[in-house]
Structures are given as structure tokens and as C-alpha cells.
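Enquirer: Structure provided below as C-alpha cells; questions to follow.
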Amino acid sequence: MPDGREMILAILKEGDFFGEMAMFDSSLRSASIKTLTEVEVGAIRYADFLVLLDDNPRVGRSLVIALSERLRAANALIAATTSQDIRARLASLLLNLSAQFGEEAENGIRISLRLTNQEMANMIATTRENRQPHAK
């Protein structure tokens, strides 16, 4: 963010990819990644990526679908941060996390992903200290 705060745009799962924008234009990567657990990462050179797309149209189609889903999620995040108060953003975040990382539990759904309060604040474009006034 312009003021130096971190904003979490996405949490990826095993098998997901990142850094794809650099494969389509000559711009530098616009974001960075941080892992929550130990990971193995693979890389593909630009020339090899182009051959892969030429030789496997289904890979290109899958990539377009995945990028469309990410764009839709980014649009929803922008809409939420500009039109919803903090409580509504937090509720939306919890619903999204439960859809992605939720597991059936005795009393409902347990989100298996461990996030700190600061990480959740970064995901809803607020600060951990920000508090909404109580309704009276």
C-alpha cells in the first residue's frame, strides 16, 4: 500500500501458481510472496512457458480460467474495501476463508488455516488497532 502497510491479496494452496503476470508483459513483479509453511517452488523460463502454451492449448485455457477467477476475487476485494465497513469486510473474509479452508466441525465449520490478527487485518485493508464504534 502507498503508506507502507502490507496488504494480503491472496492465500494460495498446494498446486497454485504465482508470478504469472511477468510471463505476459515485460513489467517487474508487482507483489511479493510470503509463505506460512515450508514450501517447494518450481520455476519455468519464459521461452519454455511459451512452448508449453503452444503445445498444450488446455494449459492456456486453464490459465485463463484461473486468472479470471483471480481478477474476479480482486474486483470483489476492491468493492468490499471501498464500500463496506470493517465488520462487513471481516465477515466476508471469514466466509471466504471457510469456503477455501473450512472443515466440518461439531459446532459448525473450523477454518484450518492459521492466521494472525495482523494478517487478517492486512487482508481486509485495515489496521489491527482500528476499531469501529459500538452501535447504541
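The way I read the labels, and the way they are meant: chains A, B, ... in the order of the C-alpha cells, residue 1 as the first residue of every chain, and ligand 1 as the first ligand shown, with later ones counted on from there.
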Determine which residues of stretch 35-134 of chain A receive a DSSP assignment of strand (DSSP E or B), computed from the backbone, and state them as a short mmCIF file (atom, residue, chain, number, x, y, z; two decimals) with C-alpha atoms, in the first residue's frame.
Expert:
data_model
loop_
_atom_site.label_atom_id
_atom_site.label_comp_id
_atom_site.auth_asym_id
_atom_site.auth_seq_id
_atom_site.Cartn_x
_atom_site.Cartn_y
_atom_site.Cartn_z
CA GLY A 102 -13.15 -24.81 6.10
CA GLU A 103 -13.57 -28.24 7.65
CA GLU A 104 -16.75 -29.63 9.19
CA ALA A 105 -16.63 -29.45 12.99
CA GLY A 108 -20.07 -25.65 12.57
CA ILE A 109 -17.04 -25.06 10.35
CA ARG A 110 -13.44 -24.73 11.54
CA ILE A 111 -11.01 -22.76 9.38
#
Enquirer: Please extract the residues of chain A with a backbone DSSP assignment of alpha helix (DSSP H) and present them as a ChimeraX atom specification.
Expert: /A:46-55,57-83,86-101,117-123
Enquirer: If you measure from atom CA of A:Phe49 to atom CA of A:Val64, what distance in Å do you get, rounded to one decimal?
Expert: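 Going from atom CA of A:Phe49 over to atom CA of A:Val64 covers 14.2 Å.
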Enquirer: Neighbours of A:Met7 within 9 Å (only C-alpha atoms; same-chain residues fewer than 3 positions away dropped), as a list in words?
Expert: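 Near neighbours after the sequence-gap exclusion: Met1, Glu119, Ala121, Asn122, Met123, Ile124, Ala125 and Thr126 of chain A.
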